[in-house]
>>> print(open('protein.cif').read())   # mmCIF, N, CA, C and O atoms and all ligand atoms
data_data
loop_
_atom_site.label_atom_id
_atom_site.label_comp_id
_atom_site.auth_asym_id
_atom_site.auth_seq_id
_atom_site.Cartn_x
_atom_site.Cartn_y
_atom_site.Cartn_z
N MET A 1 178.30 111.41 41.79
CA MET A 1 177.23 110.81 40.98
C MET A 1 177.85 109.97 39.86
O MET A 1 178.78 110.41 39.23
N GLY A 2 177.31 108.79 39.65
CA GLY A 2 177.85 107.94 38.59
C GLY A 2 177.44 108.42 37.21
O GLY A 2 176.51 109.20 37.06
N LEU A 3 178.15 107.94 36.22
CA LEU A 3 177.86 108.36 34.86
C LEU A 3 176.48 107.92 34.40
O LEU A 3 175.83 108.61 33.63
N VAL A 4 176.03 106.75 34.87
CA VAL A 4 174.71 106.27 34.45
C VAL A 4 173.63 107.20 34.98
O VAL A 4 172.73 107.62 34.25
N ARG A 5 173.72 107.58 36.28
CA ARG A 5 172.75 108.51 36.84
C ARG A 5 172.77 109.85 36.09
O ARG A 5 171.74 110.44 35.80
N LEU A 6 173.98 110.31 35.81
CA LEU A 6 174.12 111.58 35.09
C LEU A 6 173.43 111.50 33.74
O LEU A 6 172.72 112.42 33.32
N HIS A 7 173.63 110.38 33.08
CA HIS A 7 173.05 110.18 31.76
C HIS A 7 171.52 110.14 31.83
O HIS A 7 170.83 110.75 31.01
N VAL A 8 171.00 109.42 32.83
CA VAL A 8 169.55 109.35 33.02
C VAL A 8 168.99 110.75 33.28
O VAL A 8 167.98 111.14 32.67
N LEU A 9 169.65 111.52 34.13
CA LEU A 9 169.17 112.87 34.44
C LEU A 9 169.19 113.76 33.20
O LEU A 9 168.27 114.54 32.98
N HIS A 10 170.22 113.61 32.41
CA HIS A 10 170.33 114.40 31.18
C HIS A 10 169.09 114.18 30.30
O HIS A 10 168.47 115.13 29.83
N HIS A 11 168.73 112.92 30.10
CA HIS A 11 167.58 112.63 29.23
C HIS A 11 166.26 112.97 29.90
O HIS A 11 165.34 113.46 29.24
N ALA A 12 166.17 112.70 31.20
CA ALA A 12 164.91 113.00 31.92
C ALA A 12 164.67 114.51 32.00
O ALA A 12 163.54 114.95 32.19
N ALA A 13 165.73 115.30 31.86
CA ALA A 13 165.58 116.75 31.85
C ALA A 13 165.12 117.24 30.48
O ALA A 13 164.46 118.26 30.37
N GLU A 14 165.47 116.49 29.44
CA GLU A 14 165.05 116.88 28.08
C GLU A 14 163.58 116.59 27.86
O GLU A 14 162.85 117.41 27.34
N SER A 15 163.16 115.38 28.23
CA SER A 15 161.74 115.03 28.12
C SER A 15 161.49 113.82 29.01
O SER A 15 162.39 113.02 29.24
N PRO A 16 160.26 113.68 29.53
CA PRO A 16 159.96 112.55 30.41
C PRO A 16 160.25 111.23 29.69
O PRO A 16 160.03 111.11 28.49
N ILE A 17 160.74 110.28 30.45
CA ILE A 17 161.20 109.03 29.84
C ILE A 17 160.72 107.85 30.68
O ILE A 17 160.63 107.96 31.90
N SER A 18 160.37 106.76 30.02
CA SER A 18 159.94 105.56 30.74
C SER A 18 161.16 104.72 31.12
O SER A 18 162.26 104.93 30.61
N GLY A 19 160.95 103.76 32.00
CA GLY A 19 162.05 102.86 32.38
C GLY A 19 162.60 102.13 31.17
O GLY A 19 163.82 102.00 31.00
N LEU A 20 161.68 101.68 30.30
CA LEU A 20 162.12 100.99 29.08
C LEU A 20 162.90 101.95 28.18
O LEU A 20 163.91 101.57 27.57
N GLY A 21 162.44 103.19 28.12
CA GLY A 21 163.14 104.19 27.33
C GLY A 21 164.56 104.40 27.84
O GLY A 21 165.49 104.57 27.05
N VAL A 22 164.71 104.39 29.17
CA VAL A 22 166.04 104.54 29.76
C VAL A 22 166.93 103.36 29.37
O VAL A 22 168.09 103.54 28.97
N ILE A 23 166.36 102.15 29.45
CA ILE A 23 167.13 100.95 29.11
C ILE A 23 167.59 101.00 27.65
O ILE A 23 168.75 100.72 27.33
N GLU A 24 166.66 101.43 26.77
CA GLU A 24 167.00 101.50 25.34
C GLU A 24 168.03 102.58 25.07
O GLU A 24 168.97 102.39 24.29
N GLU A 25 167.87 103.73 25.72
CA GLU A 25 168.79 104.84 25.50
C GLU A 25 170.19 104.47 25.97
O GLU A 25 171.17 104.69 25.26
N LEU A 26 170.29 103.89 27.17
CA LEU A 26 171.61 103.51 27.67
C LEU A 26 172.20 102.41 26.81
O LEU A 26 173.42 102.34 26.61
N GLY A 27 171.34 101.53 26.28
CA GLY A 27 171.81 100.48 25.39
C GLY A 27 172.46 101.04 24.13
O GLY A 27 173.47 100.52 23.66
N ARG A 28 171.89 102.16 23.63
CA ARG A 28 172.48 102.80 22.45
C ARG A 28 173.89 103.28 22.73
O ARG A 28 174.71 103.41 21.83
N HIS A 29 174.16 103.58 24.02
CA HIS A 29 175.49 104.06 24.40
C HIS A 29 176.39 102.92 24.87
O HIS A 29 177.47 103.17 25.38
N GLY A 30 175.92 101.68 24.73
CA GLY A 30 176.77 100.55 25.06
C GLY A 30 176.63 100.03 26.48
O GLY A 30 177.35 99.12 26.87
N TYR A 31 175.70 100.61 27.26
CA TYR A 31 175.47 100.09 28.60
C TYR A 31 174.47 98.94 28.51
O TYR A 31 173.37 99.13 27.99
N ARG A 32 174.84 97.77 28.98
CA ARG A 32 173.90 96.66 28.98
C ARG A 32 173.32 96.51 30.38
O ARG A 32 173.82 95.75 31.18
N LEU A 33 172.28 97.28 30.64
CA LEU A 33 171.65 97.27 31.95
C LEU A 33 170.20 96.85 31.79
O LEU A 33 169.48 97.40 30.96
N GLY A 34 169.76 95.89 32.58
CA GLY A 34 168.40 95.39 32.49
C GLY A 34 167.50 96.03 33.52
O GLY A 34 167.93 96.86 34.32
N PRO A 35 166.20 95.63 33.48
CA PRO A 35 165.21 96.19 34.42
C PRO A 35 165.61 96.00 35.88
O PRO A 35 165.34 96.87 36.71
N GLY A 36 166.29 94.90 36.19
CA GLY A 36 166.68 94.63 37.58
C GLY A 36 167.69 95.63 38.11
O GLY A 36 167.87 95.78 39.32
N THR A 37 168.38 96.32 37.20
CA THR A 37 169.32 97.37 37.58
C THR A 37 168.67 98.75 37.46
O THR A 37 168.81 99.60 38.34
N ILE A 38 167.96 98.95 36.36
CA ILE A 38 167.45 100.30 36.04
C ILE A 38 166.33 100.73 36.98
O ILE A 38 166.31 101.87 37.45
N TYR A 39 165.38 99.81 37.27
CA TYR A 39 164.25 100.26 38.09
C TYR A 39 164.67 100.61 39.52
O TYR A 39 164.23 101.65 40.05
N PRO A 40 165.54 99.83 40.17
CA PRO A 40 166.04 100.27 41.49
C PRO A 40 166.81 101.59 41.41
O PRO A 40 166.74 102.43 42.31
N LEU A 41 167.55 101.78 40.32
CA LEU A 41 168.30 103.03 40.14
C LEU A 41 167.34 104.22 40.01
O LEU A 41 167.52 105.25 40.67
N LEU A 42 166.30 104.05 39.19
CA LEU A 42 165.30 105.12 39.03
C LEU A 42 164.62 105.40 40.36
O LEU A 42 164.41 106.55 40.74
N HIS A 43 164.29 104.32 41.08
CA HIS A 43 163.61 104.48 42.37
C HIS A 43 164.49 105.27 43.35
O HIS A 43 164.01 106.15 44.05
N SER A 44 165.78 104.96 43.37
CA SER A 44 166.69 105.67 44.29
C SER A 44 166.80 107.13 43.90
O SER A 44 166.94 108.01 44.75
N MET A 45 166.73 107.43 42.60
CA MET A 45 166.80 108.82 42.15
C MET A 45 165.52 109.57 42.49
O MET A 45 165.57 110.78 42.74
N VAL A 46 164.37 108.86 42.50
CA VAL A 46 163.12 109.48 42.95
C VAL A 46 163.23 109.79 44.44
O VAL A 46 162.86 110.88 44.90
N LYS A 47 163.77 108.84 45.21
CA LYS A 47 163.89 109.05 46.66
C LYS A 47 164.81 110.22 46.99
O LYS A 47 164.60 110.93 47.97
N ARG A 48 165.85 110.41 46.18
CA ARG A 48 166.76 111.54 46.40
C ARG A 48 166.15 112.86 45.97
O ARG A 48 166.73 113.93 46.19
N GLY A 49 165.02 112.80 45.27
CA GLY A 49 164.36 114.03 44.83
C GLY A 49 164.87 114.53 43.49
O GLY A 49 164.58 115.66 43.10
N TRP A 50 165.62 113.73 42.78
CA TRP A 50 166.15 114.15 41.47
C TRP A 50 165.15 113.92 40.35
O TRP A 50 165.18 114.61 39.34
N LEU A 51 164.31 112.89 40.52
CA LEU A 51 163.31 112.57 39.50
C LEU A 51 161.92 112.65 40.10
O LEU A 51 161.72 112.34 41.27
N ARG A 52 160.96 113.09 39.28
CA ARG A 52 159.55 112.97 39.63
C ARG A 52 159.00 111.83 38.78
O ARG A 52 159.47 111.60 37.66
N THR A 53 158.03 111.12 39.30
CA THR A 53 157.47 110.03 38.52
C THR A 53 155.95 110.07 38.57
O THR A 53 155.37 110.55 39.55
N GLU A 54 155.32 109.66 37.50
CA GLU A 54 153.87 109.55 37.48
C GLU A 54 153.47 108.47 36.49
O GLU A 54 154.26 108.10 35.62
N VAL A 55 152.24 108.00 36.67
CA VAL A 55 151.72 106.99 35.74
C VAL A 55 150.83 107.69 34.74
O VAL A 55 149.94 108.46 35.11
N GLN A 56 151.11 107.48 33.47
CA GLN A 56 150.27 108.03 32.41
C GLN A 56 149.53 106.89 31.73
O GLN A 56 150.01 105.77 31.69
N ILE A 57 148.37 107.21 31.16
CA ILE A 57 147.65 106.22 30.37
C ILE A 57 147.88 106.58 28.90
O ILE A 57 147.49 107.66 28.45
N VAL A 58 148.56 105.71 28.18
CA VAL A 58 148.83 105.94 26.76
C VAL A 58 148.25 104.76 26.00
O VAL A 58 148.63 103.61 26.24
N ALA A 59 147.33 105.06 25.08
CA ALA A 59 146.67 104.00 24.30
C ALA A 59 146.13 102.92 25.24
O ALA A 59 146.33 101.72 25.03
N ARG A 60 145.45 103.37 26.30
CA ARG A 60 144.81 102.51 27.29
C ARG A 60 145.79 101.67 28.10
O ARG A 60 145.40 100.77 28.83
N ARG A 61 147.07 101.95 27.96
CA ARG A 61 148.05 101.22 28.77
C ARG A 61 148.65 102.15 29.79
O ARG A 61 148.94 103.31 29.49
N LYS A 62 148.88 101.61 30.98
CA LYS A 62 149.56 102.39 32.02
C LYS A 62 151.04 102.42 31.71
O LYS A 62 151.64 101.41 31.36
N ARG A 63 151.61 103.59 31.85
CA ARG A 63 153.03 103.74 31.59
C ARG A 63 153.60 104.66 32.65
O ARG A 63 153.14 105.80 32.80
N ARG A 64 154.59 104.20 33.40
CA ARG A 64 155.23 105.04 34.40
C ARG A 64 156.35 105.82 33.74
O ARG A 64 157.20 105.25 33.06
N ILE A 65 156.31 107.13 33.92
CA ILE A 65 157.36 107.96 33.31
C ILE A 65 158.11 108.74 34.39
O ILE A 65 157.59 108.98 35.47
N TYR A 66 159.31 109.11 34.04
CA TYR A 66 160.21 109.82 34.96
C TYR A 66 160.66 111.13 34.31
O TYR A 66 160.99 111.16 33.13
N ALA A 67 160.65 112.19 35.10
CA ALA A 67 161.12 113.49 34.60
C ALA A 67 162.03 114.10 35.66
O ALA A 67 161.83 113.90 36.86
N ALA A 68 163.02 114.87 35.24
CA ALA A 68 163.93 115.51 36.19
C ALA A 68 163.20 116.57 37.00
O ALA A 68 162.44 117.37 36.44
N SER A 69 163.37 116.58 38.30
CA SER A 69 162.84 117.65 39.16
C SER A 69 163.76 118.86 39.05
O SER A 69 164.82 118.78 38.41
N SER A 70 163.38 119.97 39.68
CA SER A 70 164.28 121.13 39.61
C SER A 70 165.59 120.82 40.33
O SER A 70 166.66 121.23 39.87
N ALA A 71 165.54 120.05 41.43
CA ALA A 71 166.79 119.63 42.09
C ALA A 71 167.60 118.72 41.16
O ALA A 71 168.83 118.81 41.11
N GLY A 72 166.91 117.86 40.44
CA GLY A 72 167.59 116.97 39.50
C GLY A 72 168.25 117.72 38.36
O GLY A 72 169.29 117.32 37.85
N ARG A 73 167.64 118.86 37.99
CA ARG A 73 168.25 119.66 36.92
C ARG A 73 169.53 120.35 37.41
O ARG A 73 170.43 120.61 36.62
N ARG A 74 169.57 120.65 38.72
CA ARG A 74 170.78 121.29 39.26
C ARG A 74 171.86 120.27 39.61
O ARG A 74 173.04 120.58 39.55
N ALA A 75 171.45 119.05 39.99
CA ALA A 75 172.40 118.05 40.49
C ALA A 75 173.54 117.74 39.52
O ALA A 75 174.66 117.51 39.97
N PRO A 76 173.29 117.71 38.21
CA PRO A 76 174.39 117.32 37.31
C PRO A 76 175.49 118.36 37.17
O PRO A 76 176.52 118.07 36.58
N ASN A 77 175.30 119.57 37.70
CA ASN A 77 176.30 120.61 37.43
C ASN A 77 177.70 120.22 37.91
O ASN A 77 178.67 120.39 37.19
N LEU A 78 177.80 119.69 39.14
CA LEU A 78 179.10 119.28 39.65
C LEU A 78 179.65 118.13 38.82
O LEU A 78 180.81 118.15 38.41
N ALA A 79 178.79 117.15 38.54
CA ALA A 79 179.23 115.99 37.78
C ALA A 79 179.66 116.40 36.38
O ALA A 79 180.63 115.87 35.84
N ARG A 80 178.95 117.35 35.81
CA ARG A 80 179.29 117.81 34.45
C ARG A 80 180.70 118.38 34.44
O ARG A 80 181.49 118.12 33.52
N GLU A 81 181.03 119.12 35.49
CA GLU A 81 182.37 119.69 35.59
C GLU A 81 183.41 118.57 35.71
O GLU A 81 184.48 118.62 35.10
N GLN A 82 183.09 117.53 36.51
CA GLN A 82 184.01 116.41 36.67
C GLN A 82 184.21 115.68 35.35
O GLN A 82 185.32 115.28 35.00
N VAL A 83 183.13 115.51 34.60
CA VAL A 83 183.22 114.83 33.31
C VAL A 83 184.07 115.66 32.35
O VAL A 83 184.92 115.14 31.63
N ARG A 84 183.88 116.98 32.38
CA ARG A 84 184.65 117.85 31.49
C ARG A 84 186.16 117.73 31.78
O ARG A 84 186.98 117.62 30.87
N GLN A 85 186.47 117.72 33.09
CA GLN A 85 187.88 117.62 33.46
C GLN A 85 188.48 116.28 33.05
O GLN A 85 189.60 116.20 32.56
N LEU A 86 187.69 115.21 33.24
CA LEU A 86 188.16 113.88 32.86
C LEU A 86 188.38 113.83 31.34
O LEU A 86 189.38 113.33 30.84
N TYR A 87 187.41 114.40 30.62
CA TYR A 87 187.49 114.42 29.15
C TYR A 87 188.76 115.14 28.71
O TYR A 87 189.51 114.67 27.85
N GLU A 88 189.03 116.28 29.32
CA GLU A 88 190.22 117.05 28.95
C GLU A 88 191.48 116.25 29.21
O GLU A 88 192.41 116.23 28.41
N GLU A 89 191.52 115.58 30.37
CA GLU A 89 192.70 114.78 30.69
C GLU A 89 192.90 113.66 29.69
O GLU A 89 194.01 113.36 29.27
N MET A 90 191.79 113.02 29.34
CA MET A 90 191.90 111.85 28.47
C MET A 90 192.21 112.20 27.03
O MET A 90 192.94 111.50 26.35
N PHE A 91 191.61 113.33 26.55
CA PHE A 91 191.66 113.56 25.11
C PHE A 91 192.41 114.81 24.69
O PHE A 91 192.75 114.96 23.52
N GLU A 92 192.66 115.70 25.61
CA GLU A 92 193.24 116.96 25.17
C GLU A 92 194.69 117.17 25.61
O GLU A 92 195.45 117.79 24.91
N GLU A 93 195.04 116.57 26.75
CA GLU A 93 196.40 116.85 27.23
C GLU A 93 197.44 115.99 26.52
O GLU A 93 198.63 116.21 26.67
N HIS A 94 196.99 114.98 25.77
CA HIS A 94 197.95 114.07 25.16
C HIS A 94 198.07 114.28 23.66
O HIS A 94 198.63 113.46 22.96
N GLN A 95 197.53 115.40 23.18
CA GLN A 95 197.62 115.63 21.73
C GLN A 95 198.99 116.18 21.35
O GLN A 95 199.63 116.81 22.15
ZN ZN B 1 172.04 109.40 25.85
#
>>> encode(input="protein.cif", output="structure tokens")
Amino acid sequence: MGLVRLHVLHHAAESPISGLGVIEELGRHGYRLGPGTIYPLLHSMVKRGWLRTEVQIVARRKRRIYAASSAGRRAPNLAREQVRQLYEEMFEEHQ
């Protein structure tokens, strides 16, 4: 699993998030990804069963939101371990 997917799952597991919210959140971390990248990515994660999606009406506007499914909550475990190992290699073994 790529870091971007892992990141999206992390936030979608904390609270449901819109596509725009994902773009803004990743932007805060320095990822410059636009709707043409994010929406296909979200769609592929829905197809894999990692995200659930629904349309909500907020202030009379339709808003599609994404939330981590139970499979999506389990999926990051392997990736989390890989990230931890990479982090240790990069930052801890060279001190
Ligand atoms: Zn984040």
>>> closest_atom_pairs(input="protein.cif", of="chain A", to="ligand ZN 1 (chain B)", cutoff="6 Å", atoms="all atoms listed in the file", output="Markdown table")
| residue | atom | partner | partner_atom | distance |
| --- | --- | --- | --- | --- |
| A:His7 | O | B:ZN1 | ZN | 5.5 |
| A:Glu25 | O | B:ZN1 | ZN | 4.8 |
| A:Leu26 | N | B:ZN1 | ZN | 5.9 |
>>> select_by_dssp(input="protein.cif", residues="chain A", states="alpha helix (DSSP H)", output="ChimeraX atom specification")
/A:3-14,19-28,35-47,70-74,76-91
>>> residues_around(input="protein.cif", residues="stretch 34-39 of chain A", least_positions_apart="2", cutoff="8 Å", atoms="all atoms listed in the file", output="PyMOL selection string")
chain A and resi 19-20+22-23+31-32+41-46
>>> write_last_selection(input="protein.cif", atoms="N, CA, C and O atoms", output="PDB file, in the coordinates of the input")
ATOM      1  N   GLY A  19     160.950 103.760  32.000  1.00  0.00           N
ATOM      2  CA  GLY A  19     162.050 102.860  32.380  1.00  0.00           C
ATOM      3  C   GLY A  19     162.600 102.130  31.170  1.00  0.00           C
ATOM      4  O   GLY A  19     163.820 102.000  31.000  1.00  0.00           O
ATOM      5  N   LEU A  20     161.680 101.680  30.300  1.00  0.00           N
ATOM      6  CA  LEU A  20     162.120 100.990  29.080  1.00  0.00           C
ATOM      7  C   LEU A  20     162.900 101.950  28.180  1.00  0.00           C
ATOM      8  O   LEU A  20     163.910 101.570  27.570  1.00  0.00           O
ATOM      9  N   VAL A  22     164.710 104.390  29.170  1.00  0.00           N
ATOM     10  CA  VAL A  22     166.040 104.540  29.760  1.00  0.00           C
ATOM     11  C   VAL A  22     166.930 103.360  29.370  1.00  0.00           C
ATOM     12  O   VAL A  22     168.090 103.540  28.970  1.00  0.00           O
ATOM     13  N   ILE A  23     166.360 102.150  29.450  1.00  0.00           N
ATOM     14  CA  ILE A  23     167.130 100.950  29.110  1.00  0.00           C
ATOM     15  C   ILE A  23     167.590 101.000  27.650  1.00  0.00           C
ATOM     16  O   ILE A  23     168.750 100.720  27.330  1.00  0.00           O
ATOM     17  N   TYR A  31     175.700 100.610  27.260  1.00  0.00           N
ATOM     18  CA  TYR A  31     175.470 100.090  28.600  1.00  0.00           C
ATOM     19  C   TYR A  31     174.470  98.940  28.510  1.00  0.00           C
ATOM     20  O   TYR A  31     173.370  99.130  27.990  1.00  0.00           O
ATOM     21  N   ARG A  32     174.840  97.770  28.980  1.00  0.00           N
ATOM     22  CA  ARG A  32     173.900  96.660  28.980  1.00  0.00           C
ATOM     23  C   ARG A  32     173.320  96.510  30.380  1.00  0.00           C
ATOM     24  O   ARG A  32     173.820  95.750  31.180  1.00  0.00           O
ATOM     25  N   LEU A  41     167.550 101.780  40.320  1.00  0.00           N
ATOM     26  CA  LEU A  41     168.300 103.030  40.140  1.00  0.00           C
ATOM     27  C   LEU A  41     167.340 104.220  40.010  1.00  0.00           C
ATOM     28  O   LEU A  41     167.520 105.250  40.670  1.00  0.00           O
ATOM     29  N   LEU A  42     166.300 104.050  39.190  1.00  0.00           N
ATOM     30  CA  LEU A  42     165.300 105.120  39.030  1.00  0.00           C
ATOM     31  C   LEU A  42     164.620 105.400  40.360  1.00  0.00           C
ATOM     32  O   LEU A  42     164.410 106.550  40.740  1.00  0.00           O
ATOM     33  N   HIS A  43     164.290 104.320  41.080  1.00  0.00           N
ATOM     34  CA  HIS A  43     163.610 104.480  42.370  1.00  0.00           C
ATOM     35  C   HIS A  43     164.490 105.270  43.350  1.00  0.00           C
ATOM     36  O   HIS A  43     164.010 106.150  44.050  1.00  0.00           O
ATOM     37  N   SER A  44     165.780 104.960  43.370  1.00  0.00           N
ATOM     38  CA  SER A  44     166.690 105.670  44.290  1.00  0.00           C
ATOM     39  C   SER A  44     166.800 107.130  43.900  1.00  0.00           C
ATOM     40  O   SER A  44     166.940 108.010  44.750  1.00  0.00           O
ATOM     41  N   MET A  45     166.730 107.430  42.600  1.00  0.00           N
ATOM     42  CA  MET A  45     166.800 108.820  42.150  1.00  0.00           C
ATOM     43  C   MET A  45     165.520 109.570  42.490  1.00  0.00           C
ATOM     44  O   MET A  45     165.570 110.780  42.740  1.00  0.00           O
ATOM     45  N   VAL A  46     164.370 108.860  42.500  1.00  0.00           N
ATOM     46  CA  VAL A  46     163.120 109.480  42.950  1.00  0.00           C
ATOM     47  C   VAL A  46     163.230 109.790  44.440  1.00  0.00           C
ATOM     48  O   VAL A  46     162.860 110.880  44.900  1.00  0.00           O
TER      49      VAL A  46
END
>>> select_by_dssp(input="protein.cif", residues="chain A", states="strand (DSSP E)", output="list in words")
Ile17, Ser18, Leu51, Arg52, Thr53, Glu54, Val55, Gln56, Ile57, Val58, Arg61, Lys62, Arg63, Arg64, Ile65, Tyr66, Ala67 and Ala68 of chain A
>>> closest_atom_pairs(input="protein.cif", of="stretch 6-43 of chain A", to="stretch 55-73 of chain A", cutoff="5 Å", atoms="only N, CA, C and O atoms", output="CSV")
residue,atom,partner,partner_atom,distance
A:Ala12,O,A:Ala68,N,3.1
A:Ala13,N,A:Ala68,N,4.4
A:Ser15,O,A:Tyr66,O,4.5
A:Pro16,CA,A:Tyr66,O,3.2
A:Ile17,O,A:Tyr66,N,2.8
A:Ser18,CA,A:Arg64,O,3.6
A:Gly19,N,A:Arg64,O,4.2
>>> atom_distance(input="protein.cif", atom1="atom CA of A:Glu24", atom2="atom N of A:Val8")
11.6 Å
>>> atom_distance(input="protein.cif", atom1="atom N of A:Leu3", atom2="atom CA of A:Arg80")
10.1 Å
>>> atom_distance(input="protein.cif", atom1="atom C of A:Trp50", atom2="atom O of A:Leu9")
8.0 Å
